[in-house]
Structure formats: structure tokens, C-alpha cells
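Here is run_6.tsv, consisting of TSV, N, CA, C and O atoms:
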chain	number	residue	atom	x	y	z
A	249	MET	N	-8.50	-12.87	-8.30
A	249	MET	CA	-9.71	-12.09	-8.20
A	249	MET	C	-9.87	-11.15	-9.38
A	249	MET	O	-10.98	-10.78	-9.70
A	250	LEU	N	-8.76	-10.76	-10.01
A	250	LEU	CA	-8.88	-9.84	-11.14
A	250	LEU	C	-9.42	-10.50	-12.39
A	250	LEU	O	-9.75	-9.82	-13.35
A	251	PHE	N	-9.52	-11.84	-12.41
A	251	PHE	CA	-10.10	-12.52	-13.56
A	251	PHE	C	-11.61	-12.37	-13.60
A	251	PHE	O	-12.23	-12.56	-14.64
A	252	VAL	N	-12.23	-12.04	-12.47
A	252	VAL	CA	-13.67	-11.81	-12.41
A	252	VAL	C	-13.94	-10.42	-12.95
A	252	VAL	O	-13.36	-9.44	-12.48
A	253	LYS	N	-14.81	-10.32	-13.94
A	253	LYS	CA	-15.05	-9.03	-14.58
A	253	LYS	C	-16.14	-8.27	-13.83
A	253	LYS	O	-17.27	-8.14	-14.29
A	254	SER	N	-15.76	-7.77	-12.66
A	254	SER	CA	-16.69	-6.99	-11.85
A	254	SER	C	-15.93	-5.87	-11.17
A	254	SER	O	-14.83	-6.06	-10.65
A	255	ALA	N	-16.54	-4.67	-11.19
A	255	ALA	CA	-15.90	-3.53	-10.55
A	255	ALA	C	-15.88	-3.70	-9.03
A	255	ALA	O	-15.02	-3.15	-8.35
A	256	ILE	N	-16.82	-4.45	-8.50
A	256	ILE	CA	-16.88	-4.66	-7.05
A	256	ILE	C	-15.63	-5.40	-6.58
A	256	ILE	O	-15.08	-5.09	-5.52
A	257	VAL	N	-15.17	-6.36	-7.36
A	257	VAL	CA	-13.97	-7.11	-7.00
A	257	VAL	C	-12.76	-6.18	-6.94
A	257	VAL	O	-11.93	-6.28	-6.03
A	258	VAL	N	-12.67	-5.27	-7.89
A	258	VAL	CA	-11.56	-4.32	-7.90
A	258	VAL	C	-11.62	-3.44	-6.66
A	258	VAL	O	-10.60	-3.17	-6.02
A	259	ARG	N	-12.82	-2.99	-6.31
A	259	ARG	CA	-12.97	-2.14	-5.11
A	259	ARG	C	-12.58	-2.91	-3.84
A	259	ARG	O	-11.97	-2.35	-2.93
A	260	ILE	N	-12.92	-4.18	-3.76
A	260	ILE	CA	-12.54	-5.00	-2.60
A	260	ILE	C	-11.01	-5.09	-2.51
A	260	ILE	O	-10.43	-4.97	-1.43
A	261	LEU	N	-10.36	-5.30	-3.66
A	261	LEU	CA	-8.89	-5.34	-3.67
A	261	LEU	C	-8.29	-3.99	-3.26
A	261	LEU	O	-7.29	-3.95	-2.54
A	262	GLN	N	-8.90	-2.90	-3.70
A	262	GLN	CA	-8.41	-1.59	-3.34
A	262	GLN	C	-8.51	-1.36	-1.83
A	262	GLN	O	-7.58	-0.84	-1.21
A	263	VAL	N	-9.63	-1.74	-1.24
A	263	VAL	CA	-9.80	-1.59	0.20
A	263	VAL	C	-8.76	-2.44	0.94
A	263	VAL	O	-8.17	-2.00	1.93
A	264	GLY	N	-8.52	-3.65	0.46
A	264	GLY	CA	-7.50	-4.50	1.07
A	264	GLY	C	-6.11	-3.89	0.98
A	264	GLY	O	-5.34	-3.94	1.94
A	265	LEU	N	-5.78	-3.29	-0.16
A	265	LEU	CA	-4.48	-2.64	-0.31
A	265	LEU	C	-4.36	-1.42	0.59
A	265	LEU	O	-3.31	-1.19	1.18
A	266	LEU	N	-5.44	-0.64	0.70
A	266	LEU	CA	-5.41	0.52	1.59
A	266	LEU	C	-5.22	0.10	3.04
A	266	LEU	O	-4.42	0.68	3.77
A	267	ALA	N	-5.96	-0.91	3.44
A	267	ALA	CA	-5.84	-1.41	4.81
A	267	ALA	C	-4.44	-1.96	5.06
A	267	ALA	O	-3.85	-1.71	6.12
A	268	GLY	N	-3.91	-2.67	4.10
A	268	GLY	CA	-2.56	-3.21	4.24
A	268	GLY	C	-1.51	-2.12	4.33
A	268	GLY	O	-0.57	-2.20	5.11
A	269	ALA	N	-1.69	-1.07	3.53
A	269	ALA	CA	-0.72	0.03	3.55
A	269	ALA	C	-0.71	0.73	4.90
A	269	ALA	O	0.36	1.01	5.46
A	270	VAL	N	-1.89	0.97	5.45
A	270	VAL	CA	-1.97	1.71	6.71
A	270	VAL	C	-1.72	0.80	7.91
A	270	VAL	O	-0.93	1.13	8.79
A	271	LEU	N	-2.40	-0.33	7.95
A	271	LEU	CA	-2.35	-1.17	9.14
A	271	LEU	C	-1.11	-2.05	9.21
A	271	LEU	O	-0.74	-2.49	10.31
A	272	VAL	N	-0.48	-2.31	8.09
A	272	VAL	CA	0.71	-3.17	8.12
A	272	VAL	C	1.97	-2.34	7.88
A	272	VAL	O	2.83	-2.25	8.76
A	273	TRP	N	2.09	-1.74	6.70
A	273	TRP	CA	3.35	-1.10	6.34
A	273	TRP	C	3.63	0.15	7.16
A	273	TRP	O	4.73	0.31	7.69
A	274	ALA	N	2.66	1.05	7.27
A	274	ALA	CA	2.90	2.30	8.00
A	274	ALA	C	3.11	2.02	9.49
A	274	ALA	O	4.03	2.56	10.10
A	275	LYS	N	2.27	1.17	10.06
A	275	LYS	CA	2.39	0.84	11.48
A	275	LYS	C	3.74	0.18	11.77
A	275	LYS	O	4.43	0.54	12.72
A	276	SER	N	4.11	-0.79	10.95
A	276	SER	CA	5.40	-1.46	11.14
A	276	SER	C	6.56	-0.49	10.95
A	276	SER	O	7.55	-0.53	11.70
A	277	GLY	N	6.44	0.39	9.98
A	277	GLY	CA	7.49	1.37	9.74
A	277	GLY	C	7.72	2.26	10.95
A	277	GLY	O	8.87	2.48	11.36
A	278	PHE	N	6.64	2.76	11.53
A	278	PHE	CA	6.79	3.59	12.73
A	278	PHE	C	7.42	2.81	13.88
A	278	PHE	O	8.28	3.31	14.60
A	279	GLU	N	6.99	1.58	14.05
A	279	GLU	CA	7.54	0.76	15.15
A	279	GLU	C	9.02	0.47	14.94
A	279	GLU	O	9.81	0.55	15.88
A	280	TYR	N	9.40	0.11	13.72
A	280	TYR	CA	10.79	-0.22	13.44
A	280	TYR	C	11.69	1.01	13.59
A	280	TYR	O	12.80	0.92	14.12
A	281	VAL	N	11.22	2.16	13.12
A	281	VAL	CA	12.01	3.39	13.24
A	281	VAL	C	12.17	3.75	14.71
A	281	VAL	O	13.28	4.12	15.15
A	282	ALA	N	11.10	3.65	15.49
A	282	ALA	CA	11.19	3.95	16.92
A	282	ALA	C	12.16	3.00	17.62
A	282	ALA	O	12.94	3.42	18.49
A	283	MET	N	12.13	1.74	17.23
A	283	MET	CA	13.05	0.76	17.82
A	283	MET	C	14.50	1.11	17.48
A	283	MET	O	15.37	1.06	18.35
A	284	ARG	N	14.74	1.48	16.24
A	284	ARG	CA	16.11	1.83	15.83
A	284	ARG	C	16.58	3.10	16.53
A	284	ARG	O	17.74	3.20	16.93
A	285	GLN	N	15.68	4.07	16.69
A	285	GLN	CA	16.04	5.29	17.39
A	285	GLN	C	16.36	5.00	18.86
A	285	GLN	O	17.28	5.59	19.43
A	286	ALA	N	15.59	4.11	19.48
A	286	ALA	CA	15.83	3.76	20.88
A	286	ALA	C	17.19	3.08	21.06
A	286	ALA	O	17.81	3.20	22.12
A	287	MET	N	17.65	2.39	20.05
A	287	MET	CA	18.94	1.70	20.12
A	287	MET	C	20.09	2.59	19.63
A	287	MET	O	21.22	2.14	19.52
A	288	ASP	N	19.80	3.83	19.31
A	288	ASP	CA	20.78	4.76	18.72
A	288	ASP	C	21.42	4.18	17.46
A	288	ASP	O	22.61	4.35	17.21
A	289	ALA	N	20.62	3.50	16.67
A	289	ALA	CA	21.08	2.91	15.41
A	289	ALA	C	20.62	3.81	14.26
A	289	ALA	O	19.67	4.58	14.41
A	290	PRO	N	21.26	3.72	13.11
A	290	PRO	CA	20.80	4.49	11.94
A	290	PRO	C	19.37	4.09	11.58
A	290	PRO	O	19.04	2.91	11.52
A	291	TRP	N	18.53	5.08	11.35
A	291	TRP	CA	17.13	4.79	11.11
A	291	TRP	C	16.56	5.49	9.87
A	291	TRP	O	15.51	5.12	9.37
A	292	LEU	N	17.27	6.46	9.34
A	292	LEU	CA	16.73	7.26	8.24
A	292	LEU	C	16.50	6.42	6.98
A	292	LEU	O	15.46	6.54	6.33
A	293	ARG	N	17.44	5.56	6.65
A	293	ARG	CA	17.28	4.71	5.46
A	293	ARG	C	16.08	3.79	5.61
A	293	ARG	O	15.30	3.61	4.67
A	294	LEU	N	15.89	3.23	6.81
A	294	LEU	CA	14.73	2.38	7.07
A	294	LEU	C	13.44	3.17	6.90
A	294	LEU	O	12.47	2.66	6.33
A	295	ALA	N	13.42	4.41	7.37
A	295	ALA	CA	12.23	5.25	7.23
A	295	ALA	C	11.90	5.49	5.76
A	295	ALA	O	10.72	5.42	5.36
A	296	PHE	N	12.93	5.75	4.95
A	296	PHE	CA	12.69	5.96	3.52
A	296	PHE	C	12.20	4.69	2.84
A	296	PHE	O	11.30	4.73	2.00
A	297	ILE	N	12.78	3.57	3.19
A	297	ILE	CA	12.37	2.30	2.57
A	297	ILE	C	10.92	1.97	2.93
A	297	ILE	O	10.11	1.64	2.06
A	298	MET	N	10.59	2.07	4.21
A	298	MET	CA	9.22	1.75	4.63
A	298	MET	C	8.22	2.76	4.07
A	298	MET	O	7.10	2.40	3.70
A	299	GLY	N	8.63	4.02	3.98
A	299	GLY	CA	7.77	5.02	3.34
A	299	GLY	C	7.55	4.72	1.88
A	299	GLY	O	6.44	4.88	1.35
A	300	GLY	N	8.59	4.26	1.20
A	300	GLY	CA	8.46	3.88	-0.21
A	300	GLY	C	7.55	2.68	-0.41
A	300	GLY	O	6.74	2.66	-1.35
A	301	VAL	N	7.65	1.71	0.47
A	301	VAL	CA	6.79	0.53	0.37
A	301	VAL	C	5.33	0.93	0.60
A	301	VAL	O	4.43	0.49	-0.11
A	302	THR	N	5.11	1.80	1.60
A	302	THR	CA	3.75	2.27	1.87
A	302	THR	C	3.21	3.05	0.68
A	302	THR	O	2.06	2.85	0.25
A	303	LEU	N	4.02	3.94	0.13
A	303	LEU	CA	3.60	4.73	-1.03
A	303	LEU	C	3.31	3.84	-2.23
A	303	LEU	O	2.31	4.04	-2.94
A	304	PHE	N	4.14	2.84	-2.46
A	304	PHE	CA	3.91	1.92	-3.58
A	304	PHE	C	2.58	1.18	-3.41
A	304	PHE	O	1.83	1.02	-4.37
A	305	THR	N	2.27	0.76	-2.20
A	305	THR	CA	1.02	0.06	-1.95
A	305	THR	C	-0.17	0.99	-2.16
A	305	THR	O	-1.19	0.60	-2.74
A	306	LEU	N	-0.05	2.24	-1.70
A	306	LEU	CA	-1.13	3.21	-1.92
A	306	LEU	C	-1.32	3.51	-3.41
A	306	LEU	O	-2.45	3.62	-3.89
A	307	LEU	N	-0.24	3.62	-4.15
A	307	LEU	CA	-0.34	3.84	-5.60
A	307	LEU	C	-0.95	2.63	-6.31
A	307	LEU	O	-1.67	2.78	-7.30
A	308	SER	N	-0.67	1.44	-5.80
A	308	SER	CA	-1.28	0.23	-6.36
A	308	SER	C	-2.79	0.26	-6.18
A	308	SER	O	-3.54	-0.10	-7.08
A	309	ALA	N	-3.23	0.69	-5.01
A	309	ALA	CA	-4.67	0.80	-4.76
A	309	ALA	C	-5.28	1.86	-5.66
A	309	ALA	O	-6.36	1.66	-6.23
A	310	TRP	N	-4.61	2.99	-5.81
A	310	TRP	CA	-5.12	4.07	-6.63
A	310	TRP	C	-5.21	3.68	-8.11
A	310	TRP	O	-6.12	4.10	-8.82
A	311	SER	N	-4.27	2.86	-8.57
A	311	SER	CA	-4.26	2.49	-9.99
A	311	SER	C	-5.46	1.62	-10.36
A	311	SER	O	-5.76	1.48	-11.55
A	312	GLY	N	-6.14	1.07	-9.39
A	312	GLY	CA	-7.33	0.27	-9.68
A	312	GLY	C	-8.53	1.09	-10.10
A	312	GLY	O	-9.52	0.54	-10.59
A	313	ASN	N	-8.48	2.43	-9.93
A	313	ASN	CA	-9.62	3.27	-10.30
A	313	ASN	C	-9.95	3.17	-11.78
A	313	ASN	O	-11.11	3.05	-12.16
A	314	LYS	N	-8.95	3.21	-12.64
A	314	LYS	CA	-9.19	3.12	-14.08
A	314	LYS	C	-9.70	1.73	-14.44
A	314	LYS	O	-10.60	1.59	-15.27
A	315	LEU	N	-9.17	0.72	-13.80
A	315	LEU	CA	-9.61	-0.64	-14.06
A	315	LEU	C	-11.08	-0.81	-13.67
A	315	LEU	O	-11.87	-1.40	-14.42
A	316	ALA	N	-11.46	-0.25	-12.54
A	316	ALA	CA	-12.85	-0.35	-12.09
A	316	ALA	C	-13.78	0.43	-13.02
A	316	ALA	O	-14.88	-0.05	-13.35
A	317	SER	N	-13.35	1.60	-13.48
A	317	SER	CA	-14.20	2.38	-14.37
A	317	SER	C	-14.36	1.69	-15.72
A	317	SER	O	-15.42	1.74	-16.34
A	318	ASN	N	-13.30	1.02	-16.20
A	318	ASN	CA	-13.41	0.27	-17.46
A	318	ASN	C	-14.37	-0.90	-17.32
A	318	ASN	O	-15.12	-1.21	-18.24
A	319	ARG	N	-14.36	-1.53	-16.18
A	319	ARG	CA	-15.27	-2.68	-15.96
A	319	ARG	C	-16.70	-2.22	-15.79
A	319	ARG	O	-17.62	-2.96	-16.12
A	320	ASN	N	-16.92	-1.02	-15.29
A	320	ASN	CA	-18.27	-0.49	-15.17
A	320	ASN	C	-18.87	-0.20	-16.54
A	320	ASN	O	-20.06	-0.36	-16.76
A	321	ARG	N	-18.03	0.22	-17.47
A	321	ARG	CA	-18.50	0.52	-18.83
A	321	ARG	C	-18.64	-0.73	-19.69
A	321	ARG	O	-19.19	-0.68	-20.77
A	322	GLY	N	-18.06	-1.84	-19.21
A	322	GLY	CA	-18.15	-3.06	-19.98
A	322	GLY	C	-17.03	-3.25	-20.97
A	322	GLY	O	-17.11	-4.06	-21.88
A	323	SER	N	-15.96	-2.48	-20.84
A	323	SER	CA	-14.81	-2.60	-21.75
A	323	SER	C	-14.00	-3.80	-21.45
A	323	SER	O	-13.75	-4.20	-20.38
Starting from the file, lay out its structure as C-alpha cells.
Amino acid sequence: MLFVKSAIVVRILQVGLLAGAVLVWAKSGFEYVAMRQAMDAPWLRLAFIMGGVTLFTLLSAWSGNKLASNRNRGS
């Protein structure tokens, strides 16, 4: 999709990344941590890993802002 020179395509990808970060990674992270806590298993490392994955996905979505602005200018 990034081969199409349109800012709209970048915005669609950003929305998909945001939805994925919240609806997949964050939701799964909370569920997995709760499951580990219920089993009295170590959970802190899992929380950090899932938080990092969520943060990385959010930063990926945010990094598309410059790409979209460049495509709006025609660069």
C-alpha cells in the first residue's frame, strides 16, 4: 500500500496500526497478565514485553505523519 503515492493510503495504514495496537496488543497484554497473575506465575516481564510491542506499534503509526505530509506536498 505504501507504493501508492497518496496521503489517504498512509492515513488508512495509521488507523489500522492504531486499531491493532489497542484492540490486539493492549487487549491481549491485559488478558495474558491477568491469566499469569491468576496462576501466581511471574507476570512483570510479560507486561513489559507486551507494553513494548504496543508502544512500538503506536510509534509506527505516529511515524506515518511525516510520510503523509510529504505526500500532500508532492515530494
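Near region 268-277 of chain A, within a cut-off of 7 Å and counting only C-alpha atoms, sit the residues A:Gly264, A:Leu265, A:Leu266, A:Glu279, A:Tyr280, A:Val281, A:Ala295, A:Met298, A:Thr302, A:Thr305, A:Leu306, with same-chain residues fewer than 2 positions away left out.
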message: Residues of chain A classed as alpha helix (DSSP H) by DSSP on the backbone are to be reported as an MDAnalysis selection string.
response: chainID A and resid 255:268 275:286 292:321
Please give the centre and size of the box around region 259-275 of chain A (axis-aligned, containing every atom listed in the file, 3 Å added per side), with values in Å to one decimal and written as JSON.
{"center_x": -4.1, "center_y": -1.4, "center_z": 3.2, "size_x": 23.7, "size_y": 13.9, "size_z": 25.0}
